[in-house]
file coords-v2.txt (compact mmCIF, C-alpha atoms and all ligand atoms)
# COMPACT_ATOMS: atom_id res chain seq x y z
CA MET A 1 -85.25 90.29 101.01
CA THR A 2 -85.18 87.52 98.42
CA THR A 3 -84.85 87.48 94.70
CA ASN A 4 -87.36 85.76 92.45
CA THR A 5 -85.11 86.00 89.43
CA LEU A 6 -84.01 82.67 88.04
CA LEU A 7 -80.19 82.47 87.74
CA PRO A 8 -79.49 85.57 89.86
CA THR A 9 -76.06 87.00 89.05
CA SER A 10 -73.43 88.23 91.49
CA THR A 11 -69.67 88.72 91.65
CA ALA A 12 -67.49 86.63 93.95
CA GLY A 13 -66.13 89.65 95.79
CA SER A 14 -63.82 92.55 95.15
CA LEU A 15 -64.08 95.05 92.31
CA PRO A 16 -61.37 97.45 91.07
CA LYS A 17 -60.98 100.64 93.06
CA PRO A 18 -61.03 104.11 91.45
CA SER A 19 -57.52 105.47 90.84
CA TRP A 20 -58.15 108.46 93.15
CA LEU A 21 -58.66 106.07 96.08
CA ALA A 22 -55.88 103.52 95.60
CA GLU A 23 -53.25 102.48 93.05
CA PRO A 24 -55.25 100.49 90.46
CA GLU A 25 -54.71 96.90 89.28
CA MET A 26 -52.82 95.61 92.30
CA LEU A 27 -53.50 93.82 95.59
CA TRP A 28 -52.66 95.47 98.94
CA SER A 29 -52.72 98.77 97.07
CA PRO A 30 -51.95 101.67 99.45
CA TRP A 31 -54.65 104.29 100.01
CA LYS A 32 -54.11 107.65 98.33
CA LEU A 33 -56.23 109.53 100.89
CA SER A 34 -56.10 109.75 104.67
CA GLY A 35 -58.23 110.78 107.64
CA ASP A 36 -61.75 112.03 106.92
CA GLU A 37 -60.99 112.26 103.21
CA LEU A 38 -60.29 108.52 103.20
CA VAL A 39 -63.57 107.75 105.00
CA ILE A 40 -65.57 109.77 102.46
CA GLY A 41 -63.46 108.51 99.56
CA LYS A 42 -64.24 104.89 100.49
CA GLN A 43 -67.96 105.67 100.66
CA ASP A 44 -67.86 107.35 97.27
CA ALA A 45 -66.00 104.37 95.82
CA LEU A 46 -68.62 102.07 97.29
CA ARG A 47 -71.34 104.12 95.57
CA VAL A 48 -69.48 103.82 92.26
CA ALA A 49 -68.97 100.07 92.67
CA LEU A 50 -72.68 99.64 93.41
CA GLN A 51 -73.66 101.80 90.45
CA GLU A 52 -71.45 99.76 88.11
CA GLN A 53 -73.01 96.51 89.32
CA GLN A 54 -76.53 97.86 88.96
CA LEU A 55 -75.87 99.29 85.50
CA ALA A 56 -74.47 95.93 84.43
CA GLY A 57 -77.67 94.29 85.68
CA ILE A 58 -76.07 92.28 88.51
CA ASP A 59 -78.90 90.95 90.69
CA ILE A 60 -77.13 90.38 94.03
CA VAL A 61 -74.84 93.34 94.69
CA SER A 62 -71.95 93.92 97.08
CA ASP A 63 -69.66 96.69 98.31
CA GLY A 64 -67.01 95.54 95.82
CA GLU A 65 -64.73 95.47 98.91
CA GLN A 66 -63.99 99.17 98.35
CA THR A 67 -63.31 99.83 102.05
CA ARG A 68 -60.67 97.13 102.46
CA GLN A 69 -57.09 96.85 101.32
CA HIS A 70 -57.20 93.07 101.36
CA PHE A 71 -59.93 90.49 101.91
CA VAL A 72 -58.23 88.89 104.92
CA THR A 73 -55.79 91.46 106.31
CA THR A 74 -58.25 94.32 106.71
CA PHE A 75 -60.52 92.20 108.90
CA ILE A 76 -57.61 91.03 111.05
CA GLU A 77 -56.35 94.62 111.48
CA HIS A 78 -59.47 95.31 113.52
CA LEU A 79 -58.82 92.49 116.01
CA GLU A 80 -56.98 92.47 119.33
CA GLY A 81 -54.21 89.93 119.92
CA VAL A 82 -52.47 90.40 116.57
CA ASP A 83 -49.18 92.30 116.18
CA PHE A 84 -48.70 93.91 112.78
CA GLU A 85 -45.28 95.42 113.66
CA GLU A 86 -43.02 92.42 114.35
CA ARG A 87 -43.95 90.25 111.42
CA ARG A 88 -42.89 86.73 110.41
CA THR A 89 -42.55 85.07 107.04
CA VAL A 90 -44.83 82.10 106.36
CA LYS A 91 -45.82 80.15 103.30
CA ILE A 92 -49.39 81.08 102.38
CA ARG A 93 -51.55 78.17 101.18
CA ASP A 94 -48.33 76.16 100.75
CA ARG A 95 -47.65 78.37 97.75
CA TYR A 96 -45.79 81.61 98.33
CA ASP A 97 -43.85 83.32 101.13
CA ALA A 98 -45.32 86.42 102.67
CA SER A 99 -44.45 88.61 105.63
CA VAL A 100 -47.46 88.29 107.93
CA PRO A 101 -48.70 89.61 111.29
CA ARG A 102 -48.20 87.58 114.46
CA VAL A 103 -50.83 86.30 116.91
CA VAL A 104 -49.45 87.37 120.30
CA GLY A 105 -52.44 86.96 122.64
CA PRO A 106 -56.12 85.97 122.80
CA VAL A 107 -57.87 87.21 119.64
CA LYS A 108 -60.90 89.45 120.13
CA ARG A 109 -63.07 91.81 118.09
CA PRO A 110 -63.41 94.95 120.22
CA LEU A 111 -65.68 96.71 117.69
CA SER A 112 -67.57 95.70 114.58
CA VAL A 113 -65.48 95.83 111.42
CA PHE A 114 -67.77 96.28 108.39
CA VAL A 115 -71.19 96.91 109.93
CA GLU A 116 -71.22 100.66 109.20
CA ASP A 117 -70.16 100.00 105.60
CA ALA A 118 -72.96 97.44 105.27
CA ARG A 119 -75.54 99.92 106.60
CA PHE A 120 -74.25 102.45 104.09
CA LEU A 121 -74.63 99.96 101.22
CA ARG A 122 -78.08 98.87 102.46
CA ALA A 123 -79.26 102.48 102.35
CA GLN A 124 -78.24 102.79 98.67
CA THR A 125 -80.06 99.86 97.09
CA HIS A 126 -83.18 97.70 97.18
CA ARG A 127 -81.38 94.75 95.61
CA GLN A 128 -80.22 91.77 97.64
CA ILE A 129 -76.81 92.45 99.16
CA LYS A 130 -74.04 89.95 99.79
CA TRP A 131 -71.17 90.59 102.20
CA ALA A 132 -67.87 88.68 102.16
CA LEU A 133 -65.82 87.88 105.25
CA PRO A 134 -62.61 85.86 105.42
CA GLY A 135 -63.20 82.27 106.53
CA PRO A 136 -61.49 81.01 109.70
CA MET A 137 -59.11 78.58 108.01
CA THR A 138 -57.94 81.18 105.49
CA MET A 139 -57.41 83.68 108.34
CA VAL A 140 -55.24 81.19 110.24
CA ASP A 141 -53.22 80.55 107.10
CA THR A 142 -52.27 84.23 106.70
CA LEU A 143 -50.83 84.62 110.23
CA TYR A 144 -47.92 83.43 112.32
CA ASP A 145 -49.36 82.00 115.55
CA ASP A 146 -47.15 82.76 118.54
CA HIS A 147 -49.94 82.31 121.11
CA TYR A 148 -52.30 79.37 120.53
CA ARG A 149 -49.69 77.44 118.50
CA ASN A 150 -52.54 75.30 117.24
CA ARG A 151 -54.29 75.96 113.91
CA GLU A 152 -57.56 74.33 114.98
CA ALA A 153 -57.78 76.28 118.27
CA LEU A 154 -57.05 79.59 116.54
CA ALA A 155 -59.54 78.82 113.74
CA PHE A 156 -62.34 78.17 116.25
CA GLU A 157 -61.55 81.48 118.00
CA PHE A 158 -61.83 83.21 114.63
CA ALA A 159 -65.09 81.37 113.89
CA GLY A 160 -66.58 82.91 117.03
CA ILE A 161 -65.41 86.38 116.00
CA ILE A 162 -66.73 85.96 112.43
CA ASN A 163 -70.05 84.83 113.87
CA GLN A 164 -70.35 88.02 115.97
CA GLU A 165 -69.61 90.15 112.92
CA ALA A 166 -71.98 88.13 110.71
CA ARG A 167 -74.89 88.48 113.15
CA GLU A 168 -74.41 92.26 113.19
CA LEU A 169 -74.17 92.37 109.39
CA GLU A 170 -77.41 90.43 109.18
CA ALA A 171 -79.07 92.89 111.57
CA ALA A 172 -77.78 95.73 109.36
CA GLY A 173 -79.75 94.27 106.43
CA VAL A 174 -77.25 92.00 104.66
CA ASP A 175 -79.14 89.23 102.82
CA ILE A 176 -76.26 86.84 102.14
CA ILE A 177 -73.08 86.35 104.19
CA GLN A 178 -70.11 84.85 102.35
CA LEU A 179 -67.04 83.21 103.87
CA ASP A 180 -63.96 83.25 101.65
CA GLU A 181 -62.12 79.97 102.11
CA PRO A 182 -59.54 79.48 99.34
CA ALA A 183 -57.62 77.48 101.98
CA PHE A 184 -60.29 74.75 101.62
CA ASN A 185 -58.69 73.95 98.28
CA VAL A 186 -55.33 73.16 99.88
CA PHE A 187 -55.72 71.72 103.39
CA PHE A 188 -58.10 68.84 102.67
CA ASP A 189 -57.33 66.85 105.82
CA GLU A 190 -57.96 69.86 108.03
CA VAL A 191 -61.18 70.68 106.20
CA ASN A 192 -62.45 67.20 106.81
CA ASP A 193 -61.14 66.93 110.40
CA TRP A 194 -62.38 70.24 111.80
CA GLY A 195 -62.72 72.84 109.01
CA ILE A 196 -66.38 72.13 108.26
CA ASP A 197 -67.35 72.21 111.97
CA CYS A 198 -65.44 75.46 112.26
CA MET A 199 -67.30 76.92 109.26
CA ASN A 200 -70.61 75.79 110.76
CA LYS A 201 -69.69 77.63 113.95
CA ALA A 202 -68.98 80.82 111.99
CA ILE A 203 -72.51 80.79 110.49
CA GLU A 204 -74.33 79.49 113.59
CA GLY A 205 -77.68 81.17 114.32
CA LEU A 206 -77.82 83.18 111.09
CA ALA A 207 -81.24 83.39 109.45
CA CYS A 208 -79.86 84.92 106.23
CA GLU A 209 -78.36 82.80 103.48
CA THR A 210 -74.71 81.80 103.69
CA VAL A 211 -72.05 81.10 101.07
CA VAL A 212 -68.61 79.54 101.19
CA HIS A 213 -66.36 80.74 98.38
CA VAL A 214 -63.71 78.14 97.50
CA CYS A 215 -61.56 79.24 94.59
CA TYR A 216 -58.08 78.85 93.15
CA GLY A 217 -57.17 82.42 94.09
CA TYR A 218 -56.83 85.82 92.47
CA GLY A 219 -55.25 86.03 89.03
CA ILE A 220 -51.81 86.83 90.47
CA LYS A 221 -48.59 85.14 89.34
CA ALA A 222 -48.15 82.91 92.43
CA ASN A 223 -51.57 81.44 91.75
CA THR A 224 -51.36 81.12 87.98
CA ASP A 225 -47.93 79.42 88.38
CA TRP A 226 -49.45 77.01 90.92
CA LYS A 227 -52.34 76.24 88.57
CA LYS A 228 -49.83 75.17 85.91
CA THR A 229 -48.67 72.39 88.27
CA LEU A 230 -52.15 70.97 88.82
CA GLY A 231 -52.29 68.88 85.67
CA SER A 232 -55.07 68.49 83.14
CA GLU A 233 -57.87 67.84 85.63
CA TRP A 234 -58.25 69.84 88.83
CA ARG A 235 -59.93 67.48 91.28
CA GLN A 236 -59.23 69.46 94.50
CA TYR A 237 -62.94 70.06 95.09
CA GLU A 238 -63.56 66.33 95.15
CA ALA A 239 -61.73 66.06 98.50
CA VAL A 240 -64.01 68.48 100.31
CA PHE A 241 -67.35 68.36 98.46
CA PRO A 242 -68.83 65.37 100.31
CA LYS A 243 -68.40 67.11 103.67
CA LEU A 244 -69.49 70.47 102.29
CA GLN A 245 -72.64 68.82 100.98
CA GLN A 246 -73.41 67.72 104.56
CA SER A 247 -72.59 71.12 106.09
CA ASN A 248 -74.99 73.89 107.14
CA ILE A 249 -73.83 76.25 104.38
CA ASP A 250 -76.56 77.19 101.85
CA ILE A 251 -74.51 78.12 98.79
CA ILE A 252 -71.12 76.97 97.48
CA SER A 253 -69.21 79.45 95.29
CA LEU A 254 -66.78 77.84 92.84
CA GLU A 255 -64.28 78.55 90.12
CA CYS A 256 -65.35 76.96 86.82
CA HIS A 257 -64.83 78.89 83.56
CA ASN A 258 -61.35 78.40 82.01
CA SER A 259 -60.28 76.27 84.95
CA ARG A 260 -59.72 72.55 84.61
CA VAL A 261 -62.28 71.60 87.23
CA PRO A 262 -64.36 68.71 85.85
CA MET A 263 -67.92 70.02 86.03
CA GLY A 264 -69.16 66.55 86.97
CA LEU A 265 -67.76 67.11 90.48
CA LEU A 266 -70.79 69.33 91.10
CA GLU A 267 -72.78 66.12 91.40
CA LEU A 268 -71.11 65.70 94.82
CA VAL A 269 -72.84 68.81 96.20
CA ARG A 270 -76.25 68.07 94.66
CA GLY A 271 -78.94 69.76 96.77
CA LYS A 272 -76.85 72.81 97.62
CA LYS A 273 -77.13 76.08 95.74
CA VAL A 274 -74.04 76.73 93.63
CA MET A 275 -72.47 80.01 92.57
CA VAL A 276 -70.83 78.93 89.34
CA GLY A 277 -67.81 80.96 88.27
CA ALA A 278 -68.57 81.72 84.63
CA ILE A 279 -66.07 84.59 84.39
CA ASP A 280 -62.29 84.09 84.46
CA VAL A 281 -60.63 86.76 86.63
CA ALA A 282 -57.07 85.78 85.67
CA ASN A 283 -57.55 86.92 82.10
CA GLU A 284 -58.05 90.40 80.63
CA SER A 285 -60.12 89.23 77.69
CA ILE A 286 -63.83 89.64 78.17
CA GLU A 287 -65.98 86.55 77.82
CA THR A 288 -68.74 86.57 75.23
CA PRO A 289 -72.29 86.06 76.48
CA ASP A 290 -72.27 82.73 74.60
CA GLU A 291 -69.20 81.54 76.50
CA VAL A 292 -70.90 82.40 79.78
CA ALA A 293 -74.05 80.64 78.64
CA ALA A 294 -72.06 77.52 77.69
CA THR A 295 -70.54 77.29 81.19
CA LEU A 296 -73.97 77.72 82.78
CA ARG A 297 -75.54 75.08 80.52
CA GLU A 298 -72.84 72.62 81.48
CA ALA A 299 -73.42 73.35 85.18
CA LEU A 300 -77.16 72.80 84.69
CA GLN A 301 -76.44 69.13 84.06
CA TYR A 302 -75.53 68.84 87.76
CA VAL A 303 -77.30 71.77 89.45
CA ASP A 304 -81.07 72.37 89.41
CA ALA A 305 -81.96 75.65 87.67
CA ASP A 306 -83.44 77.16 90.83
CA LYS A 307 -80.15 76.52 92.63
CA LEU A 308 -77.77 77.96 90.03
CA TYR A 309 -76.23 81.38 90.70
CA PRO A 310 -74.01 82.69 87.86
CA SER A 311 -70.95 84.42 89.27
CA THR A 312 -67.28 85.22 88.71
CA ASN A 313 -64.45 82.80 89.54
CA CYS A 314 -63.02 85.15 92.18
CA GLY A 315 -62.63 88.84 92.96
CA MET A 316 -61.78 91.34 90.22
CA ALA A 317 -59.71 93.85 92.26
CA PRO A 318 -56.53 93.31 90.18
CA LEU A 319 -58.30 94.02 86.84
CA SER A 320 -58.94 97.39 85.20
CA ARG A 321 -62.34 98.94 85.80
CA GLN A 322 -63.13 98.73 82.10
CA VAL A 323 -62.42 94.99 81.98
CA ALA A 324 -64.39 94.34 85.18
CA ARG A 325 -67.34 96.28 83.75
CA GLY A 326 -67.18 94.27 80.51
CA LYS A 327 -67.05 91.00 82.43
CA MET A 328 -70.08 91.93 84.56
CA ASN A 329 -72.03 92.82 81.42
CA ALA A 330 -71.06 89.49 79.85
CA LEU A 331 -72.16 87.64 82.99
CA ARG A 332 -75.59 89.26 82.92
CA ALA A 333 -76.00 88.75 79.16
CA GLY A 334 -74.96 85.10 79.39
CA ALA A 335 -77.38 84.46 82.25
CA GLU A 336 -80.15 86.09 80.20
CA ILE A 337 -79.54 83.70 77.29
CA VAL A 338 -79.91 80.68 79.56
CA ARG A 339 -82.94 82.15 81.38
CA GLU A 340 -84.71 82.50 78.02
CA GLU A 341 -83.83 78.92 77.11
CA LEU A 342 -85.20 77.69 80.44
CA ALA A 343 -88.42 79.69 79.95
CA ALA A 344 -88.94 78.33 76.42
ZN ZN A 401 -61.67 83.71 95.29
call {"tool": "encode", "arguments": {"input": "coords-v2.txt", "output": "structure tokens"}}
result
Amino acid sequence: MTTNTLLPTSTAGSLPKPSWLAEPEMLWSPWKLSGDELVIGKQDALRVALQEQQLAGIDIVSDGEQTRQHFVTTFIEHLEGVDFEERRTVKIRDRYDASVPRVVGPVKRPLSVFVEDARFLRAQTHRQIKWALPGPMTMVDTLYDDHYRNREALAFEFAGIINQEARELEAAGVDIIQLDEPAFNVFFDEVNDWGIDCMNKAIEGLACETVVHVCYGYGIKANTDWKKTLGSEWRQYEAVFPKLQQSNIDIISLECHNSRVPMGLLELVRGKKVMVGAIDVANESIETPDEVAATLREALQYVDADKLYPSTNCGMAPLSRQVARGKMNALRAGAEIVREELAA
């Protein structure tokens, strides 16, 4: 399935969960249901998330990550070789301490993780669907490795596991597979040494389109505090764009609106499709369609119109449902303004 719409809109990932499913406006929010009720509750939440996207006029829809507690942890919970009981504290993305699970043996994926959820979503909509998975480097960064004791070796193991899952998601009807790699914005040397090869391995053999999402993180305090230290120009992308441009990935998903990323850096990935973040997820105020349009127009100086995908900077799980809905409406309305300009 492909879309013929110019400037097709999508969100980067998660959407808020209904308050009957999980505590709203927080990450790692505990489930309020259990057993069969939880299974059905997650499916109902997925239906609602889809409905909200479709009502807002989002072209490429997702599950809004309604079936996962966290974009990395939930995937890892389904793997063998990881101990969630005896945890260790590590510094995540060189930024904040967190108590994390421990790799204690060879990592394996005994069963598919999200394939049933993807089939469920596929059955509900004719629109293109995008499915996000954690990228290998970001997975490594959220664990304490007591087995491989080598970030590269563990990342390549994860790339193989992600590839198995991605192939099954594709077979279930997913049109676009996304790898979330916020760690690409921190570990530049690793990205350039082995991170891109590792990403290529994760998407090997896929016929569907692929995205790598490289952002500055959710709008949580640890991230907004970090952003304050980055100065007036955020040039992190510059360190990895040349290699990303040469990689096998089809689409690069980036944070742009309200961030201090110089838009001219997009020149370095010329030729790739770009999901341009035109919605700030670290801010409750809803963008106007004109603000969205202004961000897209600026991006159009460096990205061909047929390669520009308006999106959000990151996931919206920590926001209220009302704010997320308003932001999706603004995204669609802003894209419409620019579509009309391009048609004129
Ligand atoms: Zn993100």
call {"tool": "residues_near_ligand", "arguments": {"input": "coords-v2.txt", "ligand": "ligand ZN 401 (chain A)", "cutoff": "8 Å", "atoms": "only C-alpha atoms and all ligand atoms", "output": "PDB file with C-alpha atoms, keeping the file's coordinate frame"}}
result
ATOM      1  CA  ALA A  12     -67.490  86.630  93.950  1.00  0.00           C
ATOM      2  CA  GLY A  13     -66.130  89.650  95.790  1.00  0.00           C
ATOM      3  CA  ASP A 180     -63.960  83.250 101.650  1.00  0.00           C
ATOM      4  CA  GLU A 181     -62.120  79.970 102.110  1.00  0.00           C
ATOM      5  CA  PRO A 182     -59.540  79.480  99.340  1.00  0.00           C
ATOM      6  CA  HIS A 213     -66.360  80.740  98.380  1.00  0.00           C
ATOM      7  CA  VAL A 214     -63.710  78.140  97.500  1.00  0.00           C
ATOM      8  CA  CYS A 215     -61.560  79.240  94.590  1.00  0.00           C
ATOM      9  CA  TYR A 216     -58.080  78.850  93.150  1.00  0.00           C
ATOM     10  CA  GLY A 217     -57.170  82.420  94.090  1.00  0.00           C
ATOM     11  CA  TYR A 218     -56.830  85.820  92.470  1.00  0.00           C
ATOM     12  CA  GLU A 255     -64.280  78.550  90.120  1.00  0.00           C
ATOM     13  CA  ASN A 313     -64.450  82.800  89.540  1.00  0.00           C
ATOM     14  CA  CYS A 314     -63.020  85.150  92.180  1.00  0.00           C
ATOM     15  CA  GLY A 315     -62.630  88.840  92.960  1.00  0.00           C
TER      16      GLY A 315
END
call {"tool": "atom_distance", "arguments": {"input": "coords-v2.txt", "atom1": "atom CA of A:Leu244", "atom2": "atom CA of A:Trp131"}}
result
20.2 Å
call {"tool": "residues_around", "arguments": {"input": "coords-v2.txt", "residues": "stretch 322-337 of chain A", "least_positions_apart": "4", "cutoff": "8 Å", "atoms": "only C-alpha atoms", "output": "JSON, numbers by chain"}}
result
{"A": [7, 8, 9, 11, 15, 16, 52, 53, 56, 57, 58, 278, 279, 284, 285, 286, 287, 288, 289, 290, 291, 292, 293, 296, 310, 311, 312, 316, 341]}
call {"tool": "closest_residue", "arguments": {"input": "coords-v2.txt", "among": "A:Gly264, A:Pro101, A:Pro242, A:Gly219", "to": "A:Asp83", "atoms": "all atoms listed in the file"}}
result
A:Pro101
call {"tool": "closest_residue", "arguments": {"input": "coords-v2.txt", "among": "A:Met137, A:Ala299, A:Leu21, A:Leu265", "to": "A:Arg235", "atoms": "all atoms listed in the file"}}
result
A:Leu265
call {"tool": "closest_residue", "arguments": {"input": "coords-v2.txt", "among": "A:Val240, A:Ile76, A:Val48, A:Val113", "to": "A:Phe158", "atoms": "only C-alpha atoms"}}
result
A:Ile76
call {"tool": "residues_near_point", "arguments": {"input": "coords-v2.txt", "point": "(-50.0, 82.7, 112.9)", "cutoff": "12 Å", "atoms": "all atoms listed in the file", "output": "PyMOL selection string"}}
result
chain A and resi 76+81-84+87-92+98-105+107+137-155+158
call {"tool": "closest_atom_pairs", "arguments": {"input": "coords-v2.txt", "of": "stretch 72-130 of chain A", "to": "stretch 184-187 of chain A", "cutoff": "10 Å", "atoms": "all atoms listed in the file", "output": "JSON lines"}}
result
{"residue": "A:Arg93", "atom": "CA", "partner": "A:Val186", "partner_atom": "CA", "distance": 6.4}
{"residue": "A:Asp94", "atom": "CA", "partner": "A:Val186", "partner_atom": "CA", "distance": 7.7}
{"residue": "A:Arg95", "atom": "CA", "partner": "A:Val186", "partner_atom": "CA", "distance": 9.5}
call {"tool": "closest_residue", "arguments": {"input": "coords-v2.txt", "among": "A:Tyr302, A:Phe71, A:Trp20, A:Trp31", "to": "A:Leu179", "atoms": "all atoms listed in the file"}}
result
A:Phe71
call {"tool": "atom_distance", "arguments": {"input": "coords-v2.txt", "atom1": "atom CA of A:Pro30", "atom2": "atom CA of A:Ala317"}}
result
13.2 Å
call {"tool": "build_atoms", "arguments": {"input": "coords-v2.txt", "residues": "stretch 310-329 of chain A", "atoms": "N, CA and C atoms", "output": "tab-separated table (two decimals), keeping the file's coordinate frame"}}
result
chain	number	residue	atom	x	y	z
A	310	PRO	N	-75.18	82.33	88.69
A	310	PRO	CA	-74.01	82.69	87.86
A	310	PRO	C	-73.15	83.74	88.56
A	311	SER	N	-71.83	83.52	88.54
A	311	SER	CA	-70.95	84.42	89.27
A	311	SER	C	-69.59	84.50	88.57
A	312	THR	N	-68.64	85.15	89.23
A	312	THR	CA	-67.28	85.22	88.71
A	312	THR	C	-66.43	84.19	89.46
A	313	ASN	N	-65.30	83.80	88.89
A	313	ASN	CA	-64.45	82.80	89.54
A	313	ASN	C	-63.92	83.28	90.88
A	314	CYS	N	-63.63	84.58	90.97
A	314	CYS	CA	-63.02	85.15	92.18
A	314	CYS	C	-63.22	86.66	92.10
A	315	GLY	N	-62.52	87.38	92.96
A	315	GLY	CA	-62.63	88.84	92.96
A	315	GLY	C	-61.94	89.45	91.75
A	316	MET	N	-62.33	90.68	91.41
A	316	MET	CA	-61.78	91.34	90.22
A	316	MET	C	-60.92	92.56	90.56
A	317	ALA	N	-60.52	92.70	91.83
A	317	ALA	CA	-59.71	93.85	92.26
A	317	ALA	C	-58.48	94.09	91.38
A	318	PRO	N	-57.75	93.04	90.96
A	318	PRO	CA	-56.53	93.31	90.18
A	318	PRO	C	-56.78	93.69	88.72
A	319	LEU	N	-58.02	93.68	88.25
A	319	LEU	CA	-58.30	94.02	86.84
A	319	LEU	C	-58.56	95.51	86.68
A	320	SER	N	-58.58	95.99	85.43
A	320	SER	CA	-58.94	97.39	85.20
A	320	SER	C	-60.45	97.52	85.36
A	321	ARG	N	-60.90	98.74	85.62
A	321	ARG	CA	-62.34	98.94	85.80
A	321	ARG	C	-63.10	98.62	84.52
A	322	GLN	N	-62.47	98.98	83.38
A	322	GLN	CA	-63.13	98.73	82.10
A	322	GLN	C	-63.34	97.23	81.86
A	323	VAL	N	-62.30	96.44	82.17
A	323	VAL	CA	-62.42	94.99	81.98
A	323	VAL	C	-63.45	94.42	82.95
A	324	ALA	N	-63.42	94.85	84.20
A	324	ALA	CA	-64.39	94.34	85.18
A	324	ALA	C	-65.82	94.66	84.75
A	325	ARG	N	-66.01	95.87	84.22
A	325	ARG	CA	-67.34	96.28	83.75
A	325	ARG	C	-67.78	95.37	82.60
A	326	GLY	N	-66.87	95.14	81.66
A	326	GLY	CA	-67.18	94.27	80.51
A	326	GLY	C	-67.53	92.86	80.96
A	327	LYS	N	-66.81	92.36	81.95
A	327	LYS	CA	-67.05	91.00	82.43
A	327	LYS	C	-68.41	90.91	83.15
A	328	MET	N	-68.77	91.96	83.90
A	328	MET	CA	-70.08	91.93	84.56
A	328	MET	C	-71.21	91.97	83.53
A	329	ASN	N	-71.02	92.78	82.49
A	329	ASN	CA	-72.03	92.82	81.42
A	329	ASN	C	-72.18	91.46	80.74
